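To be precise, the following lines are upload24.txt, and they hold compact mmCIF, C-alpha atoms and all ligand atoms.
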```txt
# COMPACT_ATOMS: atom_id res chain seq x y z
CA MET A 1 -7.58 -36.13 -10.09
CA ALA A 2 -5.92 -39.05 -8.31
CA THR A 3 -2.48 -37.70 -9.18
CA ASP A 4 -3.44 -34.30 -7.82
CA THR A 5 -4.38 -35.66 -4.44
CA LYS A 6 -1.15 -37.65 -4.29
CA ARG A 7 1.00 -34.71 -5.21
CA GLU A 8 2.13 -33.00 -2.05
CA HIS A 9 3.82 -29.98 -3.60
CA GLN A 10 3.18 -27.81 -6.61
CA PRO A 11 5.87 -28.14 -9.25
CA VAL A 12 8.29 -25.22 -8.99
CA LYS A 13 10.89 -23.87 -11.32
CA GLY A 14 14.32 -23.18 -9.94
CA PRO A 15 15.80 -24.27 -6.61
CA ARG A 16 13.55 -25.15 -3.71
CA ILE A 17 14.58 -22.94 -0.89
CA ARG A 18 13.68 -23.49 2.73
CA LYS A 19 13.37 -20.17 4.40
CA GLY A 20 11.31 -18.33 6.98
CA LEU A 21 8.98 -15.89 5.25
CA VAL A 22 7.80 -12.38 5.93
CA VAL A 23 4.05 -12.47 5.37
CA VAL A 24 1.67 -9.53 5.24
CA ASN A 25 -2.13 -9.85 5.45
CA THR A 26 -3.59 -6.47 4.59
CA GLY A 27 -6.62 -4.86 2.92
CA ASN A 28 -10.06 -3.75 4.04
CA GLY A 29 -11.80 -7.13 3.97
CA LYS A 30 -12.23 -9.44 6.93
CA GLY A 31 -9.81 -12.29 7.51
CA LYS A 32 -6.38 -10.76 8.17
CA THR A 33 -6.07 -11.77 11.79
CA THR A 34 -7.96 -15.03 11.46
CA ALA A 35 -5.72 -16.13 8.56
CA ALA A 36 -2.71 -15.48 10.79
CA LEU A 37 -4.37 -17.49 13.57
CA GLY A 38 -4.88 -20.32 11.10
CA VAL A 39 -1.14 -20.43 10.49
CA LEU A 40 -0.53 -20.30 14.22
CA PHE A 41 -2.82 -23.31 14.66
CA ARG A 42 -1.19 -25.20 11.82
CA ALA A 43 2.34 -24.52 13.01
CA TRP A 44 1.39 -25.38 16.59
CA GLY A 45 0.13 -28.70 15.26
CA ARG A 46 3.66 -29.33 14.01
CA ASP A 47 5.12 -28.55 17.44
CA MET A 48 6.62 -25.35 16.12
CA ARG A 49 7.29 -22.60 18.62
CA VAL A 50 4.66 -19.98 17.98
CA LYS A 51 3.97 -16.61 19.52
CA MET A 52 1.53 -13.83 18.81
CA PHE A 53 1.77 -10.16 19.67
CA GLN A 54 -1.41 -8.13 19.45
CA PHE A 55 -0.95 -4.42 18.94
CA LEU A 56 -3.66 -1.96 20.02
CA LYS A 57 -5.97 -4.62 21.41
CA HIS A 58 -6.64 -4.15 25.08
CA THR A 59 -4.16 -5.87 27.36
CA GLY A 60 -6.95 -7.48 29.38
CA ALA A 61 -9.18 -8.46 26.44
CA ARG A 62 -10.38 -12.06 26.53
CA PHE A 63 -11.10 -12.62 22.85
CA GLY A 64 -11.76 -16.17 21.67
CA GLU A 65 -8.22 -16.51 20.34
CA LYS A 66 -6.79 -15.57 23.72
CA ARG A 67 -8.96 -18.18 25.43
CA ALA A 68 -7.97 -20.82 22.89
CA ALA A 69 -4.31 -19.91 23.23
CA GLU A 70 -4.46 -20.41 26.99
CA LYS A 71 -5.98 -23.84 26.52
CA LEU A 72 -3.34 -24.76 23.96
CA ASP A 73 -0.54 -23.18 25.98
CA ILE A 74 0.29 -20.71 23.19
CA GLU A 75 1.60 -17.32 24.19
CA ILE A 76 -0.38 -14.28 23.08
CA ASN A 77 1.05 -11.02 24.27
CA ALA A 78 -1.28 -8.01 24.12
CA LEU A 79 -0.10 -4.63 25.20
CA GLY A 80 -2.55 -1.93 24.32
CA ASP A 81 -5.41 0.18 25.56
CA GLY A 82 -8.01 -0.73 22.97
CA PHE A 83 -8.61 0.45 19.44
CA THR A 84 -7.07 3.72 18.34
CA TRP A 85 -10.20 5.49 17.25
CA ARG A 86 -11.66 4.95 20.72
CA SER A 87 -8.52 5.98 22.59
CA LYS A 88 -8.93 8.91 24.91
CA ASP A 89 -5.20 9.19 25.36
CA MET A 90 -3.49 8.84 21.99
CA GLN A 91 -0.06 9.45 23.46
CA ARG A 92 -0.52 6.41 25.68
CA THR A 93 -1.69 4.27 22.75
CA GLU A 94 1.39 5.33 20.85
CA ASP A 95 3.77 4.75 23.78
CA LEU A 96 2.35 1.28 24.40
CA ALA A 97 2.77 0.38 20.74
CA ARG A 98 6.40 1.49 20.80
CA GLU A 99 7.01 -0.38 24.02
CA GLN A 100 5.51 -3.51 22.54
CA TRP A 101 7.57 -3.20 19.38
CA GLU A 102 10.72 -3.28 21.53
CA ILE A 103 9.50 -6.55 23.07
CA CYS A 104 8.74 -7.92 19.59
CA LYS A 105 12.18 -7.00 18.34
CA GLN A 106 13.79 -9.00 21.12
CA ALA A 107 11.51 -11.94 20.35
CA ILE A 108 12.28 -11.76 16.61
CA LEU A 109 16.04 -11.66 17.20
CA SER A 110 16.05 -14.20 20.06
CA ASP A 111 15.86 -17.29 17.84
CA GLU A 112 13.41 -18.84 20.31
CA HIS A 113 10.44 -19.01 17.92
CA ASP A 114 9.50 -20.52 14.58
CA VAL A 115 6.45 -18.34 13.88
CA ILE A 116 5.78 -14.86 15.21
CA ILE A 117 2.61 -12.93 14.47
CA LEU A 118 2.53 -9.16 14.77
CA ASP A 119 -1.22 -8.61 14.73
CA GLU A 120 -2.36 -5.10 13.72
CA PHE A 121 1.27 -3.98 13.52
CA THR A 122 0.57 -2.07 10.30
CA TYR A 123 -1.15 0.68 12.32
CA PRO A 124 1.88 1.75 14.38
CA LEU A 125 3.78 1.74 11.07
CA HIS A 126 1.05 3.61 9.20
CA TYR A 127 0.76 6.29 11.88
CA GLY A 128 4.53 6.65 12.11
CA TRP A 129 4.81 5.57 15.75
CA VAL A 130 7.31 2.91 14.71
CA PRO A 131 9.56 3.77 11.75
CA VAL A 132 9.10 1.36 8.83
CA GLU A 133 12.89 1.31 8.38
CA ASP A 134 13.30 0.07 11.94
CA ALA A 135 10.82 -2.75 11.29
CA ILE A 136 12.49 -3.75 8.02
CA GLU A 137 15.98 -3.57 9.56
CA THR A 138 14.81 -5.97 12.29
CA LEU A 139 13.17 -8.31 9.79
CA LYS A 140 16.43 -8.38 7.80
CA GLN A 141 18.19 -9.67 10.91
CA LYS A 142 15.60 -12.29 11.80
CA PRO A 143 16.69 -15.93 12.14
CA HIS A 144 16.71 -17.62 8.72
CA MET A 145 13.88 -20.06 9.41
CA LEU A 146 11.59 -17.74 11.38
CA HIS A 147 8.27 -16.85 9.77
CA VAL A 148 6.90 -13.43 10.67
CA ILE A 149 3.29 -12.58 9.86
CA ILE A 150 2.12 -8.98 10.01
CA THR A 151 -1.56 -8.09 9.82
CA GLY A 152 -3.63 -4.95 9.49
CA ARG A 153 -4.91 -2.39 7.01
CA TYR A 154 -2.74 0.19 5.24
CA ALA A 155 0.46 -1.86 5.09
CA PRO A 156 3.17 0.64 4.10
CA ASP A 157 4.54 0.26 0.56
CA GLU A 158 8.09 -0.35 1.82
CA LEU A 159 6.88 -3.30 3.88
CA VAL A 160 4.88 -4.73 0.99
CA GLU A 161 7.98 -4.36 -1.15
CA PHE A 162 10.15 -6.15 1.41
CA ALA A 163 7.77 -9.01 2.31
CA ASP A 164 7.85 -12.41 0.60
CA LEU A 165 4.11 -13.05 0.69
CA VAL A 166 1.47 -10.36 0.65
CA THR A 167 -2.28 -10.93 0.56
CA GLU A 168 -4.88 -8.25 0.27
CA MET A 169 -8.26 -9.12 1.76
CA ARG A 170 -10.86 -7.46 -0.42
CA GLU A 171 -14.26 -6.68 0.99
CA ILE A 172 -17.15 -7.85 -1.13
CA LYS A 173 -19.79 -7.79 1.58
CA HIS A 174 -19.70 -7.30 5.32
CA PRO A 175 -22.78 -7.81 7.52
CA TYR A 176 -21.93 -4.76 9.63
CA LYS A 177 -22.20 -2.46 6.65
CA GLU A 178 -24.84 -4.32 4.69
CA GLN A 179 -27.20 -5.16 7.54
CA GLY A 180 -25.94 -3.39 10.63
CA ILE A 181 -25.20 -6.76 12.24
CA LYS A 182 -22.74 -6.33 15.07
CA ALA A 183 -19.60 -8.42 15.62
CA GLN A 184 -20.45 -11.99 16.56
CA PRO A 185 -18.59 -13.92 19.27
CA GLY A 186 -16.53 -16.77 17.88
CA LEU A 187 -16.68 -15.48 14.33
CA GLU A 188 -15.15 -12.08 14.99
CA PHE A 189 -13.65 -12.02 18.45
P1 LIG B 201 -10.62 -10.89 11.61
O1 LIG B 201 -10.01 -10.66 12.97
O2 LIG B 201 -12.05 -11.27 11.74
O3 LIG B 201 -9.80 -11.79 10.75
P2 LIG B 201 -9.47 -8.62 10.31
O4 LIG B 201 -8.26 -8.86 11.12
O5 LIG B 201 -9.37 -8.82 8.84
O6 LIG B 201 -10.68 -9.48 10.88
P3 LIG B 201 -9.65 -5.97 11.46
O7 LIG B 201 -9.46 -4.77 10.63
O8 LIG B 201 -8.57 -6.37 12.39
O9 LIG B 201 -10.06 -7.17 10.49
O10 LIG B 201 -10.99 -5.78 12.23
C1 LIG B 201 -11.47 -6.71 13.15
C2 LIG B 201 -12.96 -6.57 13.29
O11 LIG B 201 -13.52 -5.68 12.33
C3 LIG B 201 -13.69 -7.89 13.05
O12 LIG B 201 -14.74 -7.92 13.96
C4 LIG B 201 -14.18 -7.78 11.64
O13 LIG B 201 -15.36 -8.53 11.37
C5 LIG B 201 -14.43 -6.33 11.49
N1 LIG B 201 -14.25 -5.98 10.07
C6 LIG B 201 -13.29 -6.45 9.26
N2 LIG B 201 -13.43 -5.95 8.01
C7 LIG B 201 -14.51 -5.14 8.06
C8 LIG B 201 -15.20 -4.34 7.10
N3 LIG B 201 -14.77 -4.27 5.85
N4 LIG B 201 -16.28 -3.62 7.52
C9 LIG B 201 -16.70 -3.68 8.79
N5 LIG B 201 -16.10 -4.43 9.74
C10 LIG B 201 -15.03 -5.15 9.39
MG MG B 202 -7.28 -7.90 12.60
```

What would the structure in this file look like if it were written as structure tokens?
Ligand code: ATP
Ligand code: MG
Amino acid sequence: MATDTKREHQPVKGPRIRKGLVVVNTGNGKGKTTAALGVLFRAWGRDMRVKMFQFLKHTGARFGEKRAAEKLDIEINALGDGFTWRSKDMQRTEDLAREQWEICKQAILSDEHDVIILDEFTYPLHYGWVPVEDAIETLKQKPHMLHVIITGRYAPDELVEFADLVTEMREIKHPYKEQGIKAQPGLEF
């Protein structure tokens, strides 16, 4: 036990490579965005340059993470008109997502960040608003040490194939479905 707590790294076979990773948090269970926020918090603690882009979420939304980010002086960029299934104007939702992807691309290629989160970016990919090839091409050109975390359901197979780290959140129970309990502030938004 004592040796375990002392050991900082797991033993690995082969060379230890330092490299920015492409991470995907997908699946139907809860925790995709919050896991990404956990990394953001951790990296921020190390004075790394972090930035989050939220797709689909309303530009003016003041979710808990947005409030925290302001207090911590972390940039969260949201450009959207709310969730897709509530959108009255799908064309606008789509256009905003495309527009935001162009901003993300610049950020990814700029070499000004150490961690970039593309929250709910799987949806524009899934619905074909942003071509998966375009996303992968951009990720191929990212700065070597930059970590990019993509969240959302229905991650396209090509992206899963390309990513270094993919986690599927699996729903076992959710209070909304089991008990009709609505989203709780702090825990969910
Ligand atoms: P979180 O932001 O809490 O980490 P998430 O990013 O994994 O959740 P999303 O698909 O982005 O999940 O949905 C966000 C909202 O939907 C949250 O309020 C979350 O509790 C809720 N949610 C997530 N999974 C489920 C589910 N399986 N059934 C019902 N609601 C869910
Ligand atoms: Mg989410």

Taking all atoms listed in the file into account, produce a table as JSON lines in which each residue of chain A with an atom at most 7 Å from an atom of ligand LIG 201 (chain B) appears once, together with its shortest atom pair and the distance in Å to one decimal, ordered by chain and rising number.
```
{"residue": "A:Asn28", "atom": "CA", "partner": "B:LIG201", "partner_atom": "N3", "distance": 5.1}
{"residue": "A:Gly29", "atom": "CA", "partner": "B:LIG201", "partner_atom": "N2", "distance": 4.5}
{"residue": "A:Lys30", "atom": "CA", "partner": "B:LIG201", "partner_atom": "O5", "distance": 3.5}
{"residue": "A:Gly31", "atom": "CA", "partner": "B:LIG201", "partner_atom": "O3", "distance": 3.3}
{"residue": "A:Lys32", "atom": "CA", "partner": "B:LIG201", "partner_atom": "O5", "distance": 3.6}
{"residue": "A:Thr33", "atom": "CA", "partner": "B:LIG201", "partner_atom": "O4", "distance": 3.7}
{"residue": "A:Thr34", "atom": "CA", "partner": "B:LIG201", "partner_atom": "O3", "distance": 3.8}
{"residue": "A:Ala35", "atom": "CA", "partner": "B:LIG201", "partner_atom": "O3", "distance": 6.3}
{"residue": "A:Glu120", "atom": "CA", "partner": "B:LIG201", "partner_atom": "O8", "distance": 6.5}
{"residue": "A:Thr151", "atom": "CA", "partner": "B:LIG201", "partner_atom": "O4", "distance": 6.9}
{"residue": "A:Gly152", "atom": "CA", "partner": "B:LIG201", "partner_atom": "O8", "distance": 5.9}
{"residue": "A:Arg153", "atom": "CA", "partner": "B:LIG201", "partner_atom": "O7", "distance": 6.3}
{"residue": "A:Glu171", "atom": "CA", "partner": "B:LIG201", "partner_atom": "N3", "distance": 5.4}
{"residue": "A:His174", "atom": "CA", "partner": "B:LIG201", "partner_atom": "N4", "distance": 5.5}
{"residue": "A:Tyr176", "atom": "CA", "partner": "B:LIG201", "partner_atom": "C9", "distance": 5.4}
{"residue": "A:Lys177", "atom": "CA", "partner": "B:LIG201", "partner_atom": "C9", "distance": 6.0}
{"residue": "A:Ala183", "atom": "CA", "partner": "B:LIG201", "partner_atom": "O12", "distance": 5.2}
{"residue": "A:Leu187", "atom": "CA", "partner": "B:LIG201", "partner_atom": "O2", "distance": 6.8}
{"residue": "A:Glu188", "atom": "CA", "partner": "B:LIG201", "partner_atom": "O12", "distance": 4.3}
{"residue": "A:Phe189", "atom": "CA", "partner": "B:LIG201", "partner_atom": "O12", "distance": 6.2}
```

Need to verify the contact set: Glu99 in chain A, 12 Å, all atoms listed in the file, exclusion of same-chain residues closer than 3 positions in sequence. Can you return it as a PyMOL selection string?
chain A and resi 53+55-56+78-80+92-96+102-106+124+129-130

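Nearest-residue note for Leu37 in chain A: choosing from A:Asp111, A:Glu65, A:Asp73, A:Glu178, the minimum distance belongs to A:Glu65, counting all atoms listed in the file.
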
Residue among A:Gln184, A:Asn25, A:Gln91, A:Gln100 lying closest to Lys57 in chain A, counting only C-alpha atoms
A:Gln100

Residue with smallest distance to ligand MG 202 (chain B) - pool A:Val50, A:Gly27, A:Pro143, A:Gly128, counting all atoms listed in the file:
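Looking at the shortest contact to ligand MG 202 (chain B), the residue is A:Gly27.
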
So, with only C-alpha atoms and all ligand atoms as the atoms that count, which of A:Ala163, A:Leu125, A:Leu72, A:Ile117 lies closest to ligand MG 202 (chain B)?
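Using only C-alpha atoms and all ligand atoms, ligand MG 202 (chain B) sits closest to A:Ile117.
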
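With all atoms listed in the file as the basis for measurement, A:Thr26 is the residue among A:Asp114, A:Thr26, A:Ile136, A:Lys66 that approaches Ala155 in chain A most closely.
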
Given the choices A:Met169, A:Met52, A:Ile181, A:Val132, which gets closest to Val24 in chain A if the distance is worked out from all atoms listed in the file?
A:Met169

As a ChimeraX atom specification, please: the residues near Ala43 in chain A (cut-off 12 Å, all atoms listed in the file, same-chain neighbours under 3 positions excluded).
/A:36-40,46-51,74,113-117,146-147

Counting only C-alpha atoms, what is within 8 Å of Pro156 in chain A, bar same-chain residues fewer than 2 positions away, as JSON, numbers by chain?
{"A": [122, 125, 126, 132, 154, 158, 159, 160]}

Coordinates-based distance that separates CA of Gln54 in chain A from CA of Phe121 in chain A (Å, one decimal)
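CA of Gln54 in chain A lies at a distance of 7.7 Å from CA of Phe121 in chain A.
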
Separation of CA of Ile149 in chain A from CA of Lys182 in chain A, in Å and rounded to one decimal
27.3 Å

When you look at Lys142 in chain A with a cut-off of 7 Å (counting all atoms listed in the file), what residues show up, excluding the ones that are within fewer than 3 positions of it in the same chain? I need them as a PyMOL selection string.
chain A and resi 108-109+138-139+146

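Atom pair CA of Met90 in chain A / CA of Asp157 in chain A: separated by 24.4 Å.
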